[in-house]
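Enquirer: Got a structure for you, coords25.cif, holding mmCIF, C-alpha atoms and all ligand atoms.
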data_upload
#
loop_
_atom_site.label_atom_id
_atom_site.label_comp_id
_atom_site.auth_asym_id
_atom_site.auth_seq_id
_atom_site.Cartn_x
_atom_site.Cartn_y
_atom_site.Cartn_z
CA MET A 1 31.30 -46.69 108.68
CA LYS A 2 34.31 -44.64 107.76
CA LEU A 3 33.97 -41.90 105.13
CA THR A 4 36.24 -39.34 103.53
CA LEU A 5 34.50 -36.01 103.10
CA LYS A 6 36.14 -33.73 100.55
CA ILE A 7 34.52 -30.41 101.44
CA TRP A 8 34.66 -26.98 99.81
CA ARG A 9 36.09 -24.53 102.34
CA GLN A 10 35.90 -20.79 101.66
CA LYS A 11 36.04 -18.12 104.35
CA ASN A 12 33.99 -15.55 102.50
CA THR A 13 33.05 -14.24 99.08
CA ASN A 14 36.32 -12.40 98.61
CA GLU A 15 38.79 -15.16 99.51
CA LYS A 16 39.60 -18.10 97.29
CA GLY A 17 38.12 -21.46 98.23
CA ARG A 18 39.57 -24.98 98.06
CA PHE A 19 38.63 -28.57 98.78
CA VAL A 20 39.83 -30.02 102.11
CA SER A 21 39.60 -33.77 102.84
CA TYR A 22 38.47 -35.00 106.27
CA THR A 23 38.19 -38.57 107.47
CA VAL A 24 35.13 -39.25 109.65
CA ASP A 25 35.23 -42.49 111.65
CA ASN A 26 32.29 -44.10 113.41
CA VAL A 27 29.64 -42.82 111.06
CA ASN A 28 26.35 -44.38 112.10
CA PRO A 29 24.44 -45.57 108.99
CA ASP A 30 21.25 -44.13 110.53
CA MET A 31 22.71 -40.64 110.77
CA SER A 32 21.58 -38.01 108.32
CA MET A 33 24.12 -36.24 106.12
CA LEU A 34 23.78 -33.15 108.32
CA GLU A 35 24.38 -35.20 111.48
CA CYS A 36 27.52 -36.58 109.85
CA LEU A 37 28.68 -32.97 109.34
CA ASP A 38 27.77 -32.25 112.99
CA VAL A 39 30.08 -35.09 114.07
CA LEU A 40 32.86 -33.75 111.86
CA ASN A 41 32.34 -30.24 113.25
CA GLU A 42 32.59 -31.46 116.86
CA THR A 43 35.97 -32.96 116.00
CA LEU A 44 37.09 -29.78 114.23
CA ILE A 45 36.05 -27.63 117.21
CA GLU A 46 37.92 -29.94 119.61
CA ARG A 47 41.02 -29.54 117.43
CA GLY A 48 40.62 -25.75 117.48
CA GLU A 49 39.75 -25.62 113.77
CA GLU A 50 36.95 -23.70 112.07
CA PRO A 51 33.79 -25.86 111.74
CA VAL A 52 32.21 -26.33 108.31
CA ALA A 53 29.41 -23.77 107.76
CA PHE A 54 26.17 -25.20 106.34
CA GLU A 55 22.52 -24.17 106.52
CA HIS A 56 19.78 -26.09 108.28
CA ASP A 57 16.62 -25.55 110.28
CA CYS A 58 13.79 -28.09 110.35
CA ARG A 59 15.89 -31.16 109.44
CA GLU A 60 12.61 -32.71 108.24
CA GLY A 61 12.64 -31.77 104.56
CA ILE A 62 10.16 -28.92 104.88
CA CYS A 63 11.96 -25.62 105.39
CA GLY A 64 14.30 -25.59 102.38
CA SER A 65 17.27 -24.26 104.35
CA CYS A 66 19.64 -27.16 103.73
CA GLY A 67 21.22 -28.14 100.45
CA PHE A 68 24.57 -28.74 98.81
CA MET A 69 26.07 -30.92 96.11
CA ILE A 70 27.19 -34.46 96.96
CA ASN A 71 29.34 -36.01 94.25
CA GLY A 72 27.93 -33.51 91.75
CA ILE A 73 24.25 -34.15 92.57
CA PRO A 74 22.09 -31.56 94.40
CA HIS A 75 20.98 -33.09 97.74
CA GLY A 76 22.85 -36.32 96.89
CA PRO A 77 21.93 -39.54 95.12
CA MET A 78 18.47 -40.32 96.54
CA PRO A 79 15.47 -38.98 94.60
CA ALA A 80 12.96 -36.73 96.39
CA THR A 81 15.25 -36.39 99.41
CA THR A 82 16.88 -33.35 101.02
CA VAL A 83 20.33 -33.64 102.61
CA CYS A 84 18.73 -33.40 106.05
CA GLN A 85 16.71 -36.54 105.26
CA LEU A 86 19.50 -38.37 103.44
CA THR A 87 20.81 -41.17 105.66
CA MET A 88 24.38 -42.42 105.50
CA ARG A 89 23.29 -46.01 104.81
CA HIS A 90 23.01 -45.00 101.17
CA PHE A 91 26.81 -44.71 100.98
CA LYS A 92 29.47 -47.41 101.13
CA ASP A 93 31.96 -47.88 103.93
CA GLY A 94 35.22 -46.21 102.86
CA GLN A 95 33.56 -44.05 100.20
CA GLU A 96 34.78 -40.54 99.40
CA LEU A 97 32.07 -37.86 99.10
CA THR A 98 32.76 -34.54 97.40
CA ILE A 99 30.63 -31.87 99.06
CA GLU A 100 30.33 -28.39 97.59
CA PRO A 101 27.87 -25.46 97.63
CA TRP A 102 25.30 -24.55 94.98
CA ARG A 103 27.17 -22.91 92.10
CA ALA A 104 25.22 -20.05 90.46
CA SER A 105 26.01 -16.37 90.06
CA ALA A 106 22.56 -15.53 91.45
CA PHE A 107 23.55 -17.42 94.64
CA PRO A 108 26.78 -15.71 95.77
CA LEU A 109 28.78 -17.74 98.26
CA ILE A 110 28.74 -16.58 101.88
CA LYS A 111 30.92 -19.22 103.54
CA ASP A 112 31.82 -22.88 102.91
CA LEU A 113 28.50 -24.52 101.92
CA VAL A 114 26.31 -21.48 102.60
CA VAL A 115 25.11 -19.37 99.68
CA ASP A 116 22.98 -16.22 99.58
CA ARG A 117 19.54 -17.19 98.20
CA ARG A 118 17.82 -13.85 98.77
CA SER A 119 17.33 -13.62 95.01
CA PHE A 120 14.52 -16.16 95.58
CA ASP A 121 13.02 -13.93 98.29
CA ARG A 122 13.00 -10.98 95.90
CA ILE A 123 11.20 -13.04 93.24
CA ILE A 124 8.50 -13.91 95.79
CA ALA A 125 8.27 -10.33 97.05
CA SER A 126 7.78 -9.06 93.49
CA GLY A 127 4.41 -10.81 93.15
CA GLY A 128 4.21 -14.25 94.80
CA TYR A 129 1.18 -13.46 96.92
CA ILE A 130 -2.56 -12.76 96.76
CA SER A 131 -3.63 -9.27 97.91
CA ILE A 132 -6.57 -9.37 100.29
CA ASN A 133 -8.34 -6.89 102.49
CA THR A 134 -7.80 -7.57 106.15
CA GLY A 135 -10.80 -8.49 108.21
CA ASN A 136 -12.61 -11.61 109.26
CA ALA A 137 -11.75 -14.88 107.58
CA PRO A 138 -14.25 -15.66 104.80
CA ASP A 139 -16.72 -18.47 105.34
CA ALA A 140 -15.36 -21.88 104.53
CA ASN A 141 -16.31 -23.11 101.05
CA SER A 142 -17.46 -19.64 99.95
CA ILE A 143 -15.15 -20.11 96.93
CA PRO A 144 -15.47 -23.72 95.72
CA VAL A 145 -12.22 -25.23 94.38
CA GLY A 146 -12.36 -28.48 92.41
CA LYS A 147 -10.25 -31.37 93.68
CA ASP A 148 -8.12 -31.58 90.54
CA ILE A 149 -7.29 -27.86 90.81
CA ALA A 150 -6.63 -28.12 94.54
CA ASP A 151 -4.31 -31.09 93.99
CA LYS A 152 -2.34 -29.28 91.26
CA ALA A 153 -2.02 -26.15 93.39
CA MET A 154 -0.83 -28.23 96.35
CA ASP A 155 1.72 -30.04 94.18
CA ALA A 156 3.19 -26.70 93.05
CA ALA A 157 3.02 -25.30 96.58
CA ALA A 158 5.26 -28.14 97.77
CA CYS A 159 8.31 -26.16 96.58
CA ILE A 160 10.49 -25.44 99.62
CA GLY A 161 12.75 -22.88 97.90
CA CYS A 162 15.91 -24.90 98.42
CA GLY A 163 17.61 -23.91 95.16
CA ALA A 164 18.55 -27.42 94.00
CA CYS A 165 16.82 -26.76 90.66
CA VAL A 166 19.14 -23.82 89.98
CA ALA A 167 22.20 -25.81 91.04
CA ALA A 168 21.23 -28.74 88.79
CA CYS A 169 20.50 -26.64 85.69
CA PRO A 170 23.43 -26.12 83.30
CA ASN A 171 22.02 -22.62 82.69
CA ALA A 172 21.45 -21.94 86.42
CA SER A 173 17.83 -21.16 85.56
CA ALA A 174 15.26 -20.45 88.27
CA ALA A 175 12.33 -21.33 85.97
CA LEU A 176 11.16 -24.33 88.05
CA PHE A 177 11.16 -22.36 91.30
CA THR A 178 9.48 -19.28 89.77
CA GLY A 179 7.03 -21.45 87.84
CA ALA A 180 6.05 -23.27 91.04
CA LYS A 181 5.51 -20.01 92.91
CA ILE A 182 3.42 -18.60 90.05
CA ALA A 183 1.44 -21.78 89.36
CA HIS A 184 0.33 -22.54 92.91
CA LEU A 185 -1.49 -19.19 92.98
CA SER A 186 -2.52 -18.71 89.37
CA ILE A 187 -4.49 -21.92 89.04
CA LEU A 188 -6.68 -21.14 92.07
CA PRO A 189 -9.74 -18.86 91.76
CA GLN A 190 -8.30 -16.55 94.44
CA GLY A 191 -5.21 -16.01 92.28
CA GLN A 192 -7.02 -14.86 89.13
CA PRO A 193 -7.33 -11.06 89.67
CA GLU A 194 -3.54 -10.59 89.86
CA ARG A 195 -2.58 -13.42 87.53
CA ASP A 196 -1.13 -11.38 84.64
CA ARG A 197 0.64 -8.84 86.80
CA ARG A 198 2.08 -11.59 88.99
CA ALA A 199 3.66 -13.44 86.06
CA LEU A 200 5.05 -10.27 84.47
CA GLN A 201 6.58 -8.99 87.70
CA MET A 202 8.01 -12.31 88.87
CA VAL A 203 9.54 -13.18 85.50
CA ALA A 204 11.03 -9.67 85.30
CA GLN A 205 12.53 -10.10 88.77
CA MET A 206 13.85 -13.58 87.90
CA ASN A 207 15.57 -12.15 84.81
CA ALA A 208 17.01 -9.26 86.80
CA GLU A 209 18.62 -11.65 89.29
CA ASN A 210 21.15 -13.13 86.85
CA PHE A 211 19.52 -16.54 86.56
CA GLY A 212 19.99 -18.21 83.19
CA GLY A 213 17.24 -18.99 80.70
CA CYS A 214 15.30 -22.26 80.63
CA THR A 215 16.11 -24.48 77.66
CA ASN A 216 13.88 -27.40 78.70
CA ILE A 217 16.72 -29.70 79.78
CA GLY A 218 14.77 -31.03 82.76
CA GLU A 219 17.65 -31.47 85.24
CA CYS A 220 15.73 -29.19 87.64
CA THR A 221 12.77 -31.49 88.08
CA ALA A 222 15.05 -34.55 88.38
CA ALA A 223 16.99 -32.89 91.22
CA CYS A 224 13.99 -31.36 92.97
CA PRO A 225 13.42 -32.95 96.40
CA LYS A 226 9.72 -32.15 96.08
CA GLU A 227 9.41 -33.48 92.52
CA ILE A 228 7.93 -30.23 91.18
CA PRO A 229 6.85 -31.03 87.59
CA LEU A 230 8.07 -29.15 84.49
CA GLU A 231 4.41 -28.34 83.84
CA VAL A 232 4.74 -25.31 86.19
CA ILE A 233 7.21 -23.74 83.74
CA ALA A 234 4.61 -24.06 80.96
CA THR A 235 2.06 -22.37 83.25
CA MET A 236 4.51 -19.54 83.93
CA ASN A 237 5.24 -19.07 80.22
CA ARG A 238 1.54 -19.09 79.32
CA ASP A 239 0.74 -16.50 82.00
CA PHE A 240 3.67 -14.34 80.91
CA ILE A 241 2.69 -14.45 77.23
CA ARG A 242 -0.96 -13.70 77.98
CA GLY A 243 -0.01 -10.81 80.28
CA SER A 244 2.36 -9.39 77.65
CA TRP A 245 -0.34 -9.69 74.97
CA LYS A 246 -2.85 -7.78 77.07
CA GLU A 247 -0.28 -5.01 77.44
CA ARG A 248 0.51 -4.97 73.72
CA ASP A 249 -0.83 -1.45 73.18
CA SER A 250 1.95 0.04 75.24
CA THR A 251 5.01 0.50 73.03
CA VAL A 252 7.37 -0.73 75.74
CA ARG A 253 6.08 -1.55 79.19
CA THR A 254 8.67 -1.04 81.88
CA ILE A 255 8.81 -3.12 85.02
CA THR A 256 11.26 -2.14 87.70
CA PRO A 257 12.58 -5.15 89.57
CA MET A 258 13.11 -4.79 93.31
CA THR A 259 16.46 -3.33 94.17
CA GLU A 260 16.24 -3.21 97.94
CA TRP A 261 18.95 -5.79 98.50
CA SER A 262 20.60 -5.88 95.14
CA THR A 263 21.98 -3.79 92.36
CA GLY A 264 19.36 -5.29 90.02
CA SER A 265 18.80 -2.80 87.25
CA LYS A 266 15.69 -1.58 85.53
CA LEU A 267 14.40 -4.02 82.99
CA ASP A 268 12.59 -3.13 79.81
CA ILE A 269 10.24 -5.82 78.56
CA ASP A 270 9.35 -6.11 74.92
CA PRO A 271 5.54 -6.57 74.98
CA HIS A 272 5.82 -8.77 71.91
CA ALA A 273 8.32 -11.15 73.51
CA THR A 274 7.17 -14.76 73.47
CA SER A 275 9.12 -16.15 76.40
S1 LIG B 301 11.43 -26.25 92.60
FE1 LIG B 301 12.25 -27.99 93.83
S2 LIG B 301 14.48 -27.79 93.70
FE2 LIG B 301 13.60 -25.80 93.08
S3 LIG B 301 13.56 -24.56 94.93
FE3 LIG B 301 11.53 -25.59 94.76
S4 LIG B 301 11.78 -27.48 95.97
FE4 LIG B 301 13.87 -26.74 95.61
S1 LIG B 302 16.82 -28.47 107.16
FE1 LIG B 302 14.76 -27.96 106.54
S2 LIG B 302 14.59 -28.95 104.60
FE2 LIG B 302 16.56 -29.60 105.31
#
Written as structure tokens, that's how I'd like the structure from this file.
Ligand code: SF4
Ligand code: FES
Expert:
Amino acid sequence: MKLTLKIWRQKNTNEKGRFVSYTVDNVNPDMSMLECLDVLNETLIERGEEPVAFEHDCREGICGSCGFMINGIPHGPMPATTVCQLTMRHFKDGQELTIEPWRASAFPLIKDLVVDRRSFDRIIASGGYISINTGNAPDANSIPVGKDIADKAMDAAACIGCGACVAACPNASAALFTGAKIAHLSILPQGQPERDRRALQMVAQMNAENFGGCTNIGECTAACPKEIPLEVIATMNRDFIRGSWKERDSTVRTITPMTEWSTGSKLDIDPHATS
């Protein structure tokens, strides 16, 4: 196969970017999209040109490192598929593919197709965990979990943090990601003690990171390579509202989002807010 790859090239955050077209001959239909970029990069290096920067690690659809837009679709045209799993047989010989990074102000561009997704890390660090005392592992089955609950928690836990949901959303909302990270803990018995605090802190951090609001468009779930359902956003909203209600006696409860890596500012939450 022969393909034309029109790729966004940008040296760093401060310099202007532009699309550059490259022709790649001898594309094997069994190659993945990332292997196709590897082939292009070998050619660029041989020519003494700068290779295209892109993120990757597992190349098996589990780490969430990879991801960019292909012809305007996060991770390309195949549902439930990351770009590392997307094989070139899904494209036509002679086709032109426009490849560009996630576009969201909460994901500042680092270089070419690489964006800074540490805003996701800060959302997790603000409450996406269960606090436990260290010591021996508890006995198996000491906390029974019903199969339906376990299945739902596993479905939400499938989120790999790739950021496609943000890139797909016209508002650049992180509601699907944050909802998944809240839901996979809050529906388990082990997640109950910190349930309210977790939702309040993580939503506050999400808002502080410049993500847009969710308006129930649903592009996120359509683009998600792990098919995370919109239901997790409802779980997040329910937990947030319940947590806010329990705190209603405080006139204004103040949550300070993490600022270790960002200039995120202090956020005041109206305890009577409904979303
Ligand atoms: S919800 Fe889906 S699209 Fe969003 S970060 Fe998780 S896996 Fe990626
Ligand atoms: S490289 Fe790990 S999910 Fe694509």
Enquirer: Taking only C-alpha atoms and all ligand atoms into account, list the residues no farther than 9 Å from ligand LIG 302 (chain B), as JSON, numbers by chain.
Expert: {"A": [34, 55, 56, 57, 58, 59, 60, 61, 62, 63, 64, 65, 66, 67, 82, 83, 84, 85, 160, 162]}
Enquirer: Keeping C-alpha atoms for every residue in the selection just given, could you write it to a file as a PDB file, in the coordinates of the input?
Expert:
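As a result, part.pdb now contains:
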ATOM      1  CA  LEU A  34      23.780 -33.150 108.320  1.00  0.00           C
ATOM      2  CA  GLU A  55      22.520 -24.170 106.520  1.00  0.00           C
ATOM      3  CA  HIS A  56      19.780 -26.090 108.280  1.00  0.00           C
ATOM      4  CA  ASP A  57      16.620 -25.550 110.280  1.00  0.00           C
ATOM      5  CA  CYS A  58      13.790 -28.090 110.350  1.00  0.00           C
ATOM      6  CA  ARG A  59      15.890 -31.160 109.440  1.00  0.00           C
ATOM      7  CA  GLU A  60      12.610 -32.710 108.240  1.00  0.00           C
ATOM      8  CA  GLY A  61      12.640 -31.770 104.560  1.00  0.00           C
ATOM      9  CA  ILE A  62      10.160 -28.920 104.880  1.00  0.00           C
ATOM     10  CA  CYS A  63      11.960 -25.620 105.390  1.00  0.00           C
ATOM     11  CA  GLY A  64      14.300 -25.590 102.380  1.00  0.00           C
ATOM     12  CA  SER A  65      17.270 -24.260 104.350  1.00  0.00           C
ATOM     13  CA  CYS A  66      19.640 -27.160 103.730  1.00  0.00           C
ATOM     14  CA  GLY A  67      21.220 -28.140 100.450  1.00  0.00           C
ATOM     15  CA  THR A  82      16.880 -33.350 101.020  1.00  0.00           C
ATOM     16  CA  VAL A  83      20.330 -33.640 102.610  1.00  0.00           C
ATOM     17  CA  CYS A  84      18.730 -33.400 106.050  1.00  0.00           C
ATOM     18  CA  GLN A  85      16.710 -36.540 105.260  1.00  0.00           C
ATOM     19  CA  ILE A 160      10.490 -25.440  99.620  1.00  0.00           C
ATOM     20  CA  CYS A 162      15.910 -24.900  98.420  1.00  0.00           C
TER      21      CYS A 162
END
Enquirer: Within 7 Å of Val20 of chain A, counting only C-alpha atoms, which residues show up once you throw out same-chain ones fewer than 4 positions away? Write them as a PyMOL selection string, please.
Expert: chain A and resi 6-9
Enquirer: Show me which residues line ligand LIG 301 (chain B), defined as having an atom within 10 Å of a ligand atom where all atoms listed in the file count, and present them as a ChimeraX atom specification.
Expert: /A:61-67,74-75,80,82,120,156-168,173-181,219-230,232
Enquirer: Store the residues of this selection in a file with C-alpha atoms, as an mmCIF file, in the coordinates of the input.
Expert:
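Output saved as part27.cif:
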data_model
loop_
_atom_site.group_PDB
_atom_site.id
_atom_site.type_symbol
_atom_site.label_atom_id
_atom_site.label_comp_id
_atom_site.auth_asym_id
_atom_site.auth_seq_id
_atom_site.Cartn_x
_atom_site.Cartn_y
_atom_site.Cartn_z
ATOM 1 C CA GLY A 61 12.640 -31.770 104.560
ATOM 2 C CA ILE A 62 10.160 -28.920 104.880
ATOM 3 C CA CYS A 63 11.960 -25.620 105.390
ATOM 4 C CA GLY A 64 14.300 -25.590 102.380
ATOM 5 C CA SER A 65 17.270 -24.260 104.350
ATOM 6 C CA CYS A 66 19.640 -27.160 103.730
ATOM 7 C CA GLY A 67 21.220 -28.140 100.450
ATOM 8 C CA PRO A 74 22.090 -31.560 94.400
ATOM 9 C CA HIS A 75 20.980 -33.090 97.740
ATOM 10 C CA ALA A 80 12.960 -36.730 96.390
ATOM 11 C CA THR A 82 16.880 -33.350 101.020
ATOM 12 C CA PHE A 120 14.520 -16.160 95.580
ATOM 13 C CA ALA A 156 3.190 -26.700 93.050
ATOM 14 C CA ALA A 157 3.020 -25.300 96.580
ATOM 15 C CA ALA A 158 5.260 -28.140 97.770
ATOM 16 C CA CYS A 159 8.310 -26.160 96.580
ATOM 17 C CA ILE A 160 10.490 -25.440 99.620
ATOM 18 C CA GLY A 161 12.750 -22.880 97.900
ATOM 19 C CA CYS A 162 15.910 -24.900 98.420
ATOM 20 C CA GLY A 163 17.610 -23.910 95.160
ATOM 21 C CA ALA A 164 18.550 -27.420 94.000
ATOM 22 C CA CYS A 165 16.820 -26.760 90.660
ATOM 23 C CA VAL A 166 19.140 -23.820 89.980
ATOM 24 C CA ALA A 167 22.200 -25.810 91.040
ATOM 25 C CA ALA A 168 21.230 -28.740 88.790
ATOM 26 C CA SER A 173 17.830 -21.160 85.560
ATOM 27 C CA ALA A 174 15.260 -20.450 88.270
ATOM 28 C CA ALA A 175 12.330 -21.330 85.970
ATOM 29 C CA LEU A 176 11.160 -24.330 88.050
ATOM 30 C CA PHE A 177 11.160 -22.360 91.300
ATOM 31 C CA THR A 178 9.480 -19.280 89.770
ATOM 32 C CA GLY A 179 7.030 -21.450 87.840
ATOM 33 C CA ALA A 180 6.050 -23.270 91.040
ATOM 34 C CA LYS A 181 5.510 -20.010 92.910
ATOM 35 C CA GLU A 219 17.650 -31.470 85.240
ATOM 36 C CA CYS A 220 15.730 -29.190 87.640
ATOM 37 C CA THR A 221 12.770 -31.490 88.080
ATOM 38 C CA ALA A 222 15.050 -34.550 88.380
ATOM 39 C CA ALA A 223 16.990 -32.890 91.220
ATOM 40 C CA CYS A 224 13.990 -31.360 92.970
ATOM 41 C CA PRO A 225 13.420 -32.950 96.400
ATOM 42 C CA LYS A 226 9.720 -32.150 96.080
ATOM 43 C CA GLU A 227 9.410 -33.480 92.520
ATOM 44 C CA ILE A 228 7.930 -30.230 91.180
ATOM 45 C CA PRO A 229 6.850 -31.030 87.590
ATOM 46 C CA LEU A 230 8.070 -29.150 84.490
ATOM 47 C CA VAL A 232 4.740 -25.310 86.190
#
Enquirer: Let me make sure I understand: among A:Arg103, A:Lys92, A:Lys111, A:Arg47, which one has the smallest atom-to-atom distance to Thr13 of chain A if we use all atoms listed in the file?
Expert: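 The closest residue to Thr13 of chain A is A:Lys111.
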Enquirer: Could you check the closest approach to Ser186 of chain A for each of A:Met1, A:Met236, A:Leu44, A:Met78 and tell me which residue wins, using all atoms listed in the file?
Expert: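 The shortest atom-to-atom distance to Ser186 of chain A comes from A:Met236.
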Enquirer: Save segment 9-75 of chain A from what I just supplied, as a compact mmCIF listing (two decimals), in the first residue's frame, atoms limited to C-alpha atoms.
Expert:
# COMPACT_ATOMS: atom_id res chain seq x y z
CA ARG A 9 4.53 19.11 12.99
CA GLN A 10 5.29 21.49 15.86
CA LYS A 11 8.67 21.77 17.56
CA ASN A 12 7.36 22.88 20.93
CA THR A 13 4.59 24.76 22.68
CA ASN A 14 5.98 28.16 21.77
CA GLU A 15 6.54 27.68 18.04
CA LYS A 16 3.79 27.62 15.46
CA GLY A 17 2.83 24.25 14.01
CA ARG A 18 1.84 23.23 10.47
CA PHE A 19 0.78 20.18 8.50
CA VAL A 20 3.51 18.44 6.46
CA SER A 21 2.65 15.75 3.88
CA TYR A 22 4.75 12.58 3.61
CA THR A 23 4.34 9.72 1.17
CA VAL A 24 4.94 6.28 2.68
CA ASP A 25 5.47 3.45 0.18
CA ASN A 26 5.39 -0.25 0.96
CA VAL A 27 2.95 -0.02 3.82
CA ASN A 28 2.15 -3.56 4.92
CA PRO A 29 -1.63 -3.91 5.53
CA ASP A 30 -0.83 -5.89 8.70
CA MET A 31 1.20 -3.05 10.20
CA SER A 32 -0.30 -1.01 13.00
CA MET A 33 -0.67 2.75 12.62
CA LEU A 34 2.28 3.21 14.99
CA GLU A 35 4.43 0.81 12.94
CA CYS A 36 3.56 2.84 9.86
CA LEU A 37 4.87 5.94 11.68
CA ASP A 38 7.99 3.93 12.66
CA VAL A 39 8.62 3.22 8.96
CA LEU A 40 8.16 6.89 8.12
CA ASN A 41 10.51 7.89 10.94
CA GLU A 42 13.25 5.53 9.72
CA THR A 43 13.08 7.26 6.35
CA LEU A 44 13.13 10.71 7.94
CA ILE A 45 16.16 9.79 10.08
CA GLU A 46 17.99 8.43 7.00
CA ARG A 47 17.30 11.75 5.26
CA GLY A 48 18.65 13.67 8.27
CA GLU A 49 15.20 15.05 9.14
CA GLU A 50 13.52 15.23 12.54
CA PRO A 51 11.35 12.12 13.17
CA VAL A 52 7.69 12.56 14.10
CA ALA A 53 7.24 12.53 17.90
CA PHE A 54 4.39 10.35 19.17
CA GLU A 55 3.70 8.52 22.42
CA HIS A 56 3.57 4.76 22.84
CA ASP A 57 4.44 2.03 25.32
CA CYS A 58 2.58 -1.29 25.44
CA ARG A 59 1.34 -1.26 21.81
CA GLU A 60 -1.38 -3.65 23.01
CA GLY A 61 -4.19 -1.23 23.84
CA ILE A 62 -3.67 -1.34 27.60
CA CYS A 63 -1.37 1.48 28.72
CA GLY A 64 -3.17 4.51 27.27
CA SER A 65 0.03 6.19 26.08
CA CYS A 66 -0.81 6.34 22.39
CA GLY A 67 -3.47 8.44 20.74
CA PHE A 68 -3.98 11.07 18.08
CA MET A 69 -6.64 12.12 15.59
CA ILE A 70 -6.86 10.36 12.23
CA ASN A 71 -9.06 12.21 9.75
CA GLY A 72 -10.75 14.01 12.65
CA ILE A 73 -11.52 10.87 14.69
CA PRO A 74 -9.69 10.06 17.96
CA HIS A 75 -7.76 6.78 17.47
